[in-house]
$ cat upload-v4.txt   # compact mmCIF, C-alpha atoms
# COMPACT_ATOMS: atom_id res chain seq x y z
CA GLY A 1 -47.37 29.47 -4.80
CA LEU A 2 -50.65 27.64 -5.22
CA PHE A 3 -48.76 24.42 -5.95
CA VAL A 4 -46.70 24.69 -2.74
CA TRP A 5 -49.82 25.45 -0.68
CA ARG A 6 -51.51 22.38 -2.12
CA LEU A 7 -48.60 20.13 -1.17
CA ARG A 8 -48.57 21.40 2.41
CA ASN A 9 -52.30 20.77 2.90
CA THR A 10 -52.13 17.24 1.51
CA GLY A 11 -49.04 16.46 3.68
CA VAL A 12 -50.72 17.64 6.88
CA ARG A 13 -53.87 15.67 6.13
CA GLN A 14 -51.97 12.45 5.44
CA ILE A 15 -50.06 12.42 8.78
CA PRO A 16 -52.81 10.58 10.78
CA TYR A 17 -53.16 7.97 8.04
CA ARG A 18 -49.42 7.31 8.11
CA PHE A 19 -49.48 6.70 11.90
CA VAL A 20 -52.31 4.22 11.51
CA HIS A 21 -50.42 2.43 8.73
CA LEU A 22 -47.28 2.16 10.89
CA TYR A 23 -49.35 0.78 13.76
CA HIS A 24 -50.69 -2.02 11.56
CA ILE A 25 -47.22 -2.87 10.31
CA ALA A 26 -45.95 -3.04 13.91
CA ASN A 27 -48.68 -5.48 14.87
CA ASP A 28 -48.03 -7.71 11.87
CA ARG A 29 -44.23 -7.81 11.57
CA LEU A 30 -42.42 -6.36 14.59
CA ILE A 31 -41.39 -8.27 17.70
CA THR A 32 -42.96 -7.72 21.10
CA PHE A 33 -41.18 -5.85 23.90
CA GLN A 34 -40.24 -9.08 25.67
CA TYR A 35 -37.68 -9.76 22.94
CA PHE A 36 -35.49 -7.00 24.36
CA ASN A 37 -35.36 -8.55 27.82
CA PHE A 38 -31.85 -9.95 27.40
CA LEU A 39 -31.40 -11.08 30.98
CA LYS A 40 -34.05 -13.78 30.71
CA ARG A 41 -32.65 -14.96 27.38
CA MET A 42 -36.05 -15.93 25.98
CA TYR A 43 -36.78 -15.73 22.29
CA VAL A 44 -40.43 -14.68 22.23
CA THR A 45 -42.21 -13.64 19.07
CA GLN A 46 -45.78 -12.79 18.24
CA TYR A 47 -47.24 -15.18 15.74
CA ASN A 48 -50.99 -15.52 15.24
CA LYS A 49 -51.52 -13.58 18.49
CA ASP A 50 -50.12 -16.51 20.58
CA LEU A 51 -46.95 -16.20 22.65
CA SER A 52 -44.53 -19.01 21.88
CA GLN A 53 -41.16 -19.83 23.47
CA ARG A 54 -38.32 -21.84 22.01
CA ALA A 55 -36.99 -24.31 24.51
CA LYS A 56 -34.30 -26.94 24.39
CA PRO A 57 -34.44 -30.09 26.52
CA LYS A 58 -31.81 -30.10 29.25
CA SER A 59 -29.20 -32.82 28.89
CA ASP A 60 -28.15 -35.05 31.78
CA SER A 61 -25.27 -33.92 33.92
CA ILE A 62 -23.31 -37.14 33.42
CA VAL A 63 -23.33 -38.66 29.96
CA SER A 64 -21.55 -41.84 29.03
CA PRO A 65 -19.33 -41.59 25.95
CA PHE A 66 -21.23 -44.41 24.22
CA HIS A 67 -24.64 -42.74 24.33
CA GLU A 68 -23.39 -39.25 23.56
CA LEU A 69 -24.00 -39.50 19.81
CA GLN A 70 -27.47 -40.97 20.32
CA GLN A 71 -28.50 -38.09 22.57
CA LEU A 72 -27.24 -35.55 20.08
CA ASP A 73 -29.52 -37.07 17.45
CA GLN A 74 -32.50 -37.19 19.79
CA GLU A 75 -32.30 -33.52 20.72
CA LYS A 76 -35.08 -31.63 18.99
CA LYS A 77 -36.55 -28.20 19.33
CA VAL A 78 -39.81 -28.20 21.28
CA VAL A 79 -42.31 -25.33 21.27
CA HIS A 80 -44.35 -24.71 24.40
CA LYS A 81 -47.26 -22.34 24.42
CA ILE A 82 -47.50 -19.87 27.25
CA SER A 83 -51.07 -19.18 28.15
CA PRO A 84 -51.89 -15.74 29.51
CA VAL A 85 -52.27 -15.64 33.26
CA SER A 86 -55.16 -13.68 34.64
CA PRO A 87 -54.52 -11.76 37.86
CA VAL A 88 -55.89 -13.50 40.90
CA HIS A 89 -57.09 -11.30 43.76
CA ARG A 90 -56.89 -12.97 47.10
CA SER A 91 -57.89 -11.59 50.40
CA TRP A 92 -55.34 -10.78 53.10
CA SER A 93 -56.81 -13.39 55.44
CA GLU A 94 -56.38 -16.19 52.89
CA THR A 95 -52.75 -15.32 52.15
CA SER A 96 -51.88 -14.94 55.83
CA SER A 97 -53.52 -18.26 56.73
CA ARG A 98 -51.61 -20.06 53.97
CA ASN A 99 -48.31 -18.55 55.09
CA GLU A 100 -49.00 -19.61 58.67
CA SER A 101 -49.81 -23.16 57.61
CA ARG A 102 -46.55 -23.30 55.60
CA GLU A 103 -44.56 -22.11 58.60
CA VAL A 104 -46.20 -24.69 60.85
CA LYS A 105 -45.39 -27.48 58.38
CA SER A 106 -41.77 -26.40 58.02
CA ALA A 107 -41.42 -26.22 61.82
CA ALA A 108 -42.88 -29.69 62.20
CA GLU A 109 -40.48 -31.06 59.62
CA THR A 110 -37.42 -29.49 61.26
CA GLU A 111 -38.39 -30.73 64.75
CA GLY A 112 -38.15 -34.34 63.65
CA SER A 113 -34.78 -33.86 61.98
CA VAL A 114 -31.31 -33.92 63.52
CA ILE A 115 -30.07 -30.98 65.64
CA PRO A 116 -28.89 -28.30 63.21
CA VAL A 117 -25.18 -27.66 63.14
CA GLY A 118 -25.61 -24.15 61.76
CA ALA A 119 -26.92 -22.89 65.10
CA GLU A 120 -23.74 -23.94 66.86
CA SER A 121 -21.56 -22.45 64.15
CA LYS A 122 -23.43 -19.15 64.39
CA GLU A 123 -22.92 -19.09 68.13
CA ASP A 124 -19.24 -19.85 67.68
CA ARG A 125 -18.88 -17.04 65.18
CA GLN A 126 -20.36 -14.46 67.51
CA TRP A 127 -18.10 -11.77 68.96
CA LYS A 128 -16.89 -12.78 72.40
CA GLU A 129 -15.32 -10.59 75.04
CA MET A 130 -11.70 -11.48 75.78
CA LYS A 131 -11.19 -11.69 79.52
CA LEU A 132 -7.66 -11.02 80.72
CA ARG A 133 -6.33 -13.34 83.38
CA LEU A 134 -3.32 -12.51 85.49
CA ASP A 135 -1.71 -15.84 84.65
CA ASP A 136 -1.65 -14.96 80.95
CA LEU A 137 -0.43 -11.39 81.41
CA PRO A 138 3.35 -12.11 81.49
CA GLY A 139 3.20 -14.07 78.24
CA ILE A 140 1.06 -11.39 76.57
CA LEU A 141 3.42 -8.61 77.62
CA ALA A 142 6.39 -10.68 76.44
CA ARG A 143 4.84 -10.97 72.98
CA LEU A 144 3.90 -7.29 73.04
CA SER A 145 7.50 -6.30 73.71
CA LYS A 146 8.92 -8.84 71.19
CA ILE A 147 11.00 -10.53 73.83
CA LYS A 148 13.23 -12.37 71.31
CA LEU A 149 14.10 -9.17 69.47
CA THR A 150 14.72 -7.46 72.81
CA ALA A 151 17.09 -10.26 73.81
CA LEU A 152 19.03 -9.74 70.56
CA VAL A 153 19.25 -5.99 71.24
CA VAL A 154 20.54 -6.57 74.78
CA SER A 155 23.11 -9.10 73.54
CA THR A 156 24.51 -6.67 70.98
CA ALA A 157 24.68 -3.93 73.61
CA SER A 158 26.50 -6.34 75.91
CA ALA A 159 28.95 -7.12 73.10
CA GLY A 160 29.66 -3.42 72.70
CA PHE A 161 30.26 -3.10 76.45
CA ALA A 162 32.58 -6.11 76.44
CA MET A 163 34.57 -4.86 73.46
CA ALA A 164 35.32 -1.50 75.09
CA PRO A 165 39.02 -1.16 76.03
CA VAL A 166 38.34 -0.45 79.72
CA PRO A 167 38.23 -2.62 82.85
CA PHE A 168 34.97 -4.50 83.22
CA GLU A 169 32.51 -3.14 85.82
CA LEU A 170 29.69 -5.53 86.67
CA THR A 171 27.31 -2.96 88.20
CA ARG A 172 27.48 -0.62 85.22
CA PHE A 173 27.13 -3.58 82.86
CA LEU A 174 23.92 -4.76 84.57
CA LEU A 175 22.45 -1.25 84.64
CA ALA A 176 23.24 -0.70 80.96
CA SER A 177 21.75 -4.07 79.97
CA LEU A 178 18.59 -3.50 82.00
CA GLY A 179 18.08 0.03 80.70
CA THR A 180 18.66 -1.05 77.09
CA GLY A 181 16.18 -3.91 77.49
CA LEU A 182 13.49 -1.63 78.95
CA ALA A 183 13.99 0.90 76.14
CA SER A 184 13.66 -1.88 73.56
CA CYS A 185 10.45 -3.17 75.19
CA ALA A 186 8.97 0.33 75.09
CA ALA A 187 9.84 0.86 71.42
CA ASN A 188 8.43 -2.51 70.35
CA SER A 189 5.18 -1.96 72.27
CA ILE A 190 4.61 1.46 70.70
CA ASN A 191 5.37 -0.05 67.29
CA GLN A 192 2.66 -2.68 67.74
CA PHE A 193 0.23 -0.04 69.00
CA PHE A 194 0.59 1.94 65.76
CA GLU A 195 0.44 -1.06 63.42
CA VAL A 196 -2.69 -2.87 64.65
CA PRO A 197 -4.81 -2.33 61.47
CA PHE A 198 -1.92 -3.38 59.25
CA ASP A 199 -0.81 -6.36 61.34
CA SER A 200 -4.35 -7.78 61.13
CA ASN A 201 -3.90 -8.28 57.36
CA MET A 202 -0.68 -10.29 57.65
CA ASN A 203 -0.44 -13.96 58.54
CA ARG A 204 2.81 -13.41 60.42
CA THR A 205 1.41 -10.73 62.75
CA LYS A 206 -2.33 -11.45 62.95
CA ASN A 207 -1.93 -13.24 66.32
CA ARG A 208 -0.29 -10.36 68.13
CA PRO A 209 -1.95 -9.37 71.44
CA LEU A 210 -3.39 -6.04 70.28
CA VAL A 211 -4.70 -7.52 67.03
CA ARG A 212 -6.52 -10.32 68.85
CA GLY A 213 -7.79 -7.96 71.55
CA GLN A 214 -6.10 -9.79 74.41
CA ILE A 215 -5.18 -6.46 75.99
CA SER A 216 -6.51 -2.96 75.51
CA PRO A 217 -4.55 -0.24 73.69
CA LEU A 218 -4.51 1.78 76.92
CA LEU A 219 -2.78 -1.05 78.75
CA ALA A 220 -0.24 -1.35 75.93
CA VAL A 221 0.57 2.37 76.10
CA CYS A 222 0.84 2.26 79.88
CA PHE A 223 3.20 -0.71 79.63
CA ALA A 224 5.34 1.11 77.07
CA ALA A 225 5.52 4.19 79.30
CA SER A 226 6.35 2.10 82.39
CA CYS A 227 9.26 0.56 80.44
CA GLY A 228 10.51 3.59 78.52
CA VAL A 229 10.65 6.19 81.29
CA PRO A 230 12.51 4.03 83.86
CA GLY A 231 14.77 2.65 81.12
CA ILE A 232 15.93 6.06 79.93
CA ALA A 233 16.25 7.31 83.52
CA LEU A 234 18.34 4.27 84.41
CA LEU A 235 20.66 4.80 81.44
CA THR A 236 20.99 8.54 82.10
CA LEU A 237 21.43 8.53 85.88
CA GLY A 238 22.88 5.07 86.48
CA VAL A 239 25.26 4.90 83.50
CA ASN A 240 25.95 8.25 81.80
CA PRO A 241 23.91 10.94 79.99
CA LEU A 242 25.37 10.03 76.57
CA THR A 243 24.01 6.48 76.76
CA GLY A 244 20.63 7.77 77.96
CA ALA A 245 20.47 10.23 75.06
CA LEU A 246 21.26 7.43 72.59
CA GLY A 247 18.50 5.27 74.11
CA ALA A 248 15.91 8.05 73.86
CA PHE A 249 16.96 8.84 70.29
CA ASN A 250 16.66 5.17 69.34
CA ILE A 251 13.09 4.98 70.70
CA PHE A 252 12.17 8.09 68.74
CA LEU A 253 13.82 6.80 65.57
CA TYR A 254 12.06 3.43 65.77
CA THR A 255 8.55 4.63 66.66
CA CYS A 256 8.28 8.01 64.93
CA CYS A 257 10.47 7.52 61.86
CA TYR A 258 10.84 3.84 60.99
CA THR A 259 7.26 2.77 61.82
CA PRO A 260 5.39 5.31 59.60
CA LEU A 261 8.08 5.12 56.91
CA LYS A 262 7.35 1.41 56.36
CA ARG A 263 4.17 2.36 54.46
CA MET A 264 5.71 5.28 52.56
CA SER A 265 9.12 4.39 51.11
CA ILE A 266 11.70 1.62 50.89
CA ALA A 267 14.05 3.93 52.79
CA ASN A 268 12.59 2.39 55.94
CA THR A 269 15.08 -0.49 55.63
CA TRP A 270 18.05 1.87 55.93
CA VAL A 271 16.44 3.70 58.86
CA GLY A 272 15.71 0.39 60.56
CA ALA A 273 19.35 -0.63 60.07
CA VAL A 274 20.43 2.52 61.93
CA VAL A 275 18.06 1.57 64.77
CA GLY A 276 19.70 -1.85 65.01
CA ALA A 277 23.21 -0.37 64.90
CA ILE A 278 22.75 1.92 67.92
CA PRO A 279 22.59 -0.73 70.76
CA PRO A 280 26.29 -1.83 70.43
CA ILE A 281 27.24 1.84 70.35
CA MET A 282 25.25 2.29 73.58
CA GLY A 283 27.18 -0.59 75.15
CA TRP A 284 30.49 1.01 74.17
CA THR A 285 29.49 4.44 75.49
CA ALA A 286 28.19 2.86 78.70
CA ALA A 287 31.67 1.46 79.34
CA THR A 288 33.82 4.34 78.12
CA GLY A 289 31.53 7.39 78.29
CA SER A 290 32.61 8.58 74.83
CA LEU A 291 32.03 7.89 71.15
CA ASP A 292 35.20 6.37 69.71
CA ALA A 293 36.16 4.70 66.46
CA GLY A 294 35.52 1.30 68.03
CA ALA A 295 31.89 2.23 68.74
CA LEU A 296 31.37 3.30 65.14
CA LEU A 297 33.01 0.09 63.88
CA LEU A 298 30.67 -2.07 65.98
CA GLY A 299 27.72 -0.03 64.78
CA GLY A 300 28.88 -0.47 61.19
CA ILE A 301 29.09 -4.25 61.56
CA LEU A 302 25.54 -4.41 62.95
CA TYR A 303 24.37 -2.00 60.26
CA SER A 304 25.70 -4.15 57.40
CA TRP A 305 24.61 -7.44 58.98
CA GLN A 306 20.95 -6.39 59.06
CA PHE A 307 20.61 -6.10 55.28
CA PRO A 308 21.24 -9.75 54.38
CA HIS A 309 19.29 -10.76 57.49
CA PHE A 310 16.17 -8.70 56.84
CA ASN A 311 16.20 -8.77 53.04
CA ALA A 312 16.35 -12.56 53.05
CA LEU A 313 13.53 -12.67 55.62
CA SER A 314 11.31 -10.23 53.72
CA TRP A 315 11.80 -12.16 50.45
CA GLY A 316 9.76 -15.06 51.79
CA LEU A 317 7.15 -12.70 53.25
CA ARG A 318 6.47 -10.65 50.14
CA GLU A 319 2.80 -11.64 50.00
CA ASP A 320 2.31 -10.69 53.63
CA TYR A 321 4.03 -7.33 53.29
CA SER A 322 2.08 -6.55 50.14
CA ARG A 323 -1.19 -7.49 51.87
CA GLY A 324 -0.30 -5.29 54.83
CA GLY A 325 0.54 -2.30 52.63
CA TYR A 326 4.24 -2.07 53.54
CA CYS A 327 6.77 -0.66 51.09
CA MET A 328 9.58 -3.18 51.20
CA MET A 329 12.40 -3.67 48.72
CA SER A 330 11.41 -7.30 48.25
CA VAL A 331 7.95 -6.18 47.04
CA THR A 332 8.62 -3.05 44.99
CA HIS A 333 12.32 -3.40 44.06
CA PRO A 334 13.26 -7.11 44.06
CA ARG A 335 16.56 -6.70 42.17
CA LEU A 336 17.65 -3.90 44.50
CA CYS A 337 16.76 -6.09 47.48
CA ARG A 338 19.08 -8.87 46.33
CA ARG A 339 21.84 -6.46 45.25
CA VAL A 340 21.86 -4.64 48.60
CA ALA A 341 22.01 -7.93 50.51
CA LEU A 342 25.06 -9.08 48.52
CA ARG A 343 26.73 -5.69 48.83
CA HIS A 344 26.57 -5.67 52.63
CA CYS A 345 27.68 -9.31 52.86
CA LEU A 346 30.89 -8.21 51.16
CA ALA A 347 31.05 -5.12 53.40
CA LEU A 348 31.34 -7.40 56.45
CA ILE A 349 34.70 -8.62 55.12
CA GLY A 350 36.00 -5.06 54.80
CA LEU A 351 34.75 -4.03 58.26
CA SER A 352 36.42 -7.05 59.83
CA THR A 353 39.69 -5.99 58.20
CA VAL A 354 39.39 -2.45 59.59
CA ALA A 355 39.20 -3.66 63.22
CA PRO A 356 42.97 -4.26 63.70
CA VAL A 357 43.75 -1.07 61.81
CA LEU A 358 41.81 0.87 64.47
CA ASP A 359 43.71 -1.07 67.16
CA ILE A 360 40.56 -2.74 68.48
CA THR A 361 41.50 -6.35 67.76
CA THR A 362 44.62 -8.22 66.73
CA TRP A 363 45.38 -9.17 63.14
CA THR A 364 44.18 -12.70 63.78
CA PHE A 365 40.56 -11.49 63.77
CA PRO A 366 40.33 -10.82 59.99
CA VAL A 367 41.95 -14.19 59.32
CA ILE A 368 39.70 -16.20 61.63
CA SER A 369 36.52 -14.36 60.60
CA LEU A 370 37.27 -14.67 56.88
CA PRO A 371 35.71 -18.16 56.41
CA ILE A 372 32.35 -17.23 57.96
CA ASN A 373 32.29 -13.92 56.11
CA LEU A 374 33.06 -15.67 52.83
CA TYR A 375 30.33 -18.23 53.47
CA ILE A 376 27.64 -15.59 54.08
CA SER A 377 28.88 -13.73 51.01
CA TYR A 378 28.55 -16.92 48.98
CA LEU A 379 24.96 -17.35 50.19
CA GLY A 380 24.32 -13.70 49.39
CA PHE A 381 25.56 -14.31 45.85
CA ARG A 382 23.32 -17.38 45.55
CA PHE A 383 20.38 -15.27 46.71
CA TYR A 384 21.26 -12.57 44.18
CA ARG A 385 21.58 -15.08 41.33
CA ASP A 386 18.72 -17.51 42.02
CA ALA A 387 16.15 -15.17 43.63
CA ASP A 388 14.07 -17.99 45.09
CA ARG A 389 12.78 -19.00 48.49
CA SER A 390 15.40 -21.69 49.02
CA SER A 391 18.36 -19.32 48.65
CA SER A 392 16.68 -16.64 50.80
CA ARG A 393 16.00 -19.14 53.60
CA LYS A 394 19.59 -20.34 53.59
CA LEU A 395 20.88 -16.77 53.79
CA PHE A 396 18.46 -15.92 56.61
CA PHE A 397 19.36 -18.94 58.75
CA CYS A 398 23.05 -18.32 58.12
CA SER A 399 22.66 -14.76 59.42
CA LEU A 400 21.21 -16.10 62.69
CA TRP A 401 24.44 -17.86 63.68
CA HIS A 402 26.83 -15.58 61.77
CA LEU A 403 26.42 -12.54 64.03
CA PRO A 404 27.00 -14.23 67.42
CA MET A 405 29.95 -16.17 66.02
CA LEU A 406 31.49 -13.03 64.52
CA LEU A 407 31.10 -11.11 67.80
CA LEU A 408 32.54 -14.05 69.75
CA VAL A 409 35.59 -14.23 67.48
CA MET A 410 35.96 -10.47 67.76
CA PHE A 411 35.89 -10.68 71.55
CA THR A 412 38.50 -13.44 71.66
CA CYS A 413 40.79 -11.42 69.39
CA LYS A 414 40.30 -8.21 71.38
CA LYS A 415 43.42 -6.44 72.53
CA SER A 416 43.92 -6.72 76.27
CA VAL A 417 43.62 -3.79 78.64
CA LEU A 418 47.27 -4.21 79.74
CA GLU A 419 48.49 -3.64 76.18
CA LYS A 420 46.36 -0.51 75.99
CA GLU A 421 47.75 0.77 79.30
CA ASP A 422 51.31 0.20 78.14
CA LYS A 423 50.69 2.18 74.98
CA GLY A 424 48.67 4.84 76.82
CA ASP A 425 45.71 4.45 74.45
CA LEU A 426 42.99 4.00 77.06
CA PRO A 427 40.28 6.69 76.78
CA GLY A 428 40.37 9.03 79.71
CA ARG A 429 43.83 7.84 80.81
CA SER A 430 46.07 9.67 78.31
CA HIS A 431 45.53 13.02 80.02
CA GLU A 432 46.42 11.57 83.45
CA ARG A 433 49.56 9.96 81.97
CA ALA A 434 50.65 13.26 80.46
CA VAL A 435 50.19 15.02 83.81
CA GLU A 436 52.23 12.35 85.56
CA ILE A 437 55.09 12.78 83.07
CA ARG A 438 55.18 16.55 83.58
CA LEU A 439 55.45 16.20 87.35
CA PRO A 440 59.05 16.15 88.71
$ encode --input "upload-v4.txt" --output "structure tokens"
Amino acid sequence: GLFVWRLRNTGVRQIPYRFVHLYHIANDRLITFQYFNFLKRMYVTQYNKDLSQRAKPKSDSIVSPFHELQQLDQEKKVVHKISPVSPVHRSWSETSSRNESREVKSAAETEGSVIPVGAESKEDRQWKEMKLRLDDLPGILARLSKIKLTALVVSTASAGFAMAPVPFELTRFLLASLGTGLASCAANSINQFFEVPFDSNMNRTKNRPLVRGQISPLLAVCFAASCGVPGIALLTLGVNPLTGALGAFNIFLYTCCYTPLKRMSIANTWVGAVVGAIPPIMGWTAATGSLDAGALLLGGILYSWQFPHFNALSWGLREDYSRGGYCMMSVTHPRLCRRVALRHCLALIGLSTVAPVLDITTWTFPVISLPINLYISYLGFRFYRDADRSSSRKLFFCSLWHLPMLLLVMFTCKKSVLEKEDKGDLPGRSHERAVEIRLP
């Protein structure tokens, strides 16, 4: 017990001496705190109570290959002593006067120099208010309503009206075309209103009117309402309620289903294809007042045509769609994008063969349309195999002339109204013919 007590007392007494010993060792051997300042990358040690820094002379930026070996031999390590700097206390008046003199000198130097270009660039980069002029309003509204796409929609609706097996009525045709065009303008304007923050990130859509601020969102909504309401009323009251209902459903499908679905799932392509297939059906119902097999066939042709057309277009815009945050097949499922395009190219051949079976065209239509359908199928196969920009561009430009040519051939091979009357296959006329036969 006494031995343990003795060890404890000696240990407690020796603790201060040990701290003093460690302090002396730290001053003699250890490195100063500046060694741990890694950001400055200075190798500072304490030797003979003088701070020293290792430095290496900086080599020239451009060195000739002949003198490179000589400079490598001449490079030596140089040691520079850093003398301690004593704090200098200056009065506020001295520091302020020196700062003022520096500012005066810098101002005098800049006055004698050339006019700075940075000032003009800063003024150019300032936000400026876009003033709307009445002369520019028609062009702005045309770009807001996507006038080229609207013209394509009206042409497909006109093709559906012309393909209907009824006598042609000019007044109803003009009313149906005008109402379809107004409905398309309304849908496109609402689509641009919803996609302003996403269109601003894409090179293809960054110059749209709402993105650039050429018109206000309120004006865009008012324009969409002034097109949509009269368009649907014109189709419902001037043509028939079925066509008006199809026009209203197409606006809803494009703005409330297809537009938000573009940022959620690749199913937006199939929904968008349904939107593009409805206008020829509207043309058929405007002429006949009923949904027949011919209307569904025309809708099927437009439905299948849109896949090679849009998939080839989106293949070259993958960077833009990815930057805008859109879920497209070309971005997330590239193999599916090419496979679907080829599949629907081949489907156009089958749909063209079904037309004479449904007694819409003669049997010459599948024969005449076979070369153009085979050519677009060949380009679809090239796009599926090569998967490059060249093949996608060829398929896209082929789709631009393929659709009008196919519809033109279909119209020329259409069965005449006289043949339909002889067979009694005209819609709405079979019941009258049956009544006439029953009468004595």
$ closest_residue --input "upload-v4.txt" --among "A:Asn201, A:Leu210, A:Gly247, A:Ser399" --to "Pro279 (chain A)" --atoms "only C-alpha atoms"
A:Gly247
$ residues_around --input "upload-v4.txt" --residues "region 258-275 of chain A" --least-positions-apart "4" --cutoff "7 Å" --atoms "only C-alpha atoms" --output "PyMOL selection string"
chain A and resi 191+250+253-254+303+306+325-329
$ atom_distance --input "upload-v4.txt" --atom1 "CA of Asp320 (chain A)" --atom2 "CA of Arg204 (chain A)"
7.3 Å
$ closest_residue --input "upload-v4.txt" --among "A:Phe381, A:Phe168, A:Trp305, A:Phe310" --to "Ser352 (chain A)" --atoms "all atoms listed in the file"
A:Trp305
$ closest_residue --input "upload-v4.txt" --among "A:Met202, A:Val239, A:Leu141, A:Cys185" --to "Ile215 (chain A)" --atoms "only C-alpha atoms"
A:Leu141
$ closest_residue --input "upload-v4.txt" --among "A:Ala183, A:Asn188, A:Val229, A:Arg338" --to "Lys148 (chain A)" --atoms "all atoms listed in the file"
A:Asn188
$ axis_aligned_box --input "upload-v4.txt" --around "region 229-242 of chain A" --padding-each-side "8 Å" --output "lines of an AutoDock Vina configuration file"
center_x = 18.3
center_y = 6.8
center_z = 81.5
size_x = 31.3
size_y = 24.3
size_z = 25.9
$ atom_distance --input "upload-v4.txt" --atom1 "CA of Ser391 (chain A)" --atom2 "CA of Ala312 (chain A)"
8.3 Å
$ closest_residue --input "upload-v4.txt" --among "A:Arg318, A:Ser184, A:Gly160, A:Arg382" --to "Leu297 (chain A)" --atoms "all atoms listed in the file"
A:Gly160
$ closest_residue --input "upload-v4.txt" --among "A:Ala293, A:Leu302, A:Val340, A:Leu218" --to "His402 (chain A)" --atoms "all atoms listed in the file"
A:Leu302
$ atom_distance --input "upload-v4.txt" --atom1 "CA of Ser392 (chain A)" --atom2 "CA of His344 (chain A)"
14.9 Å
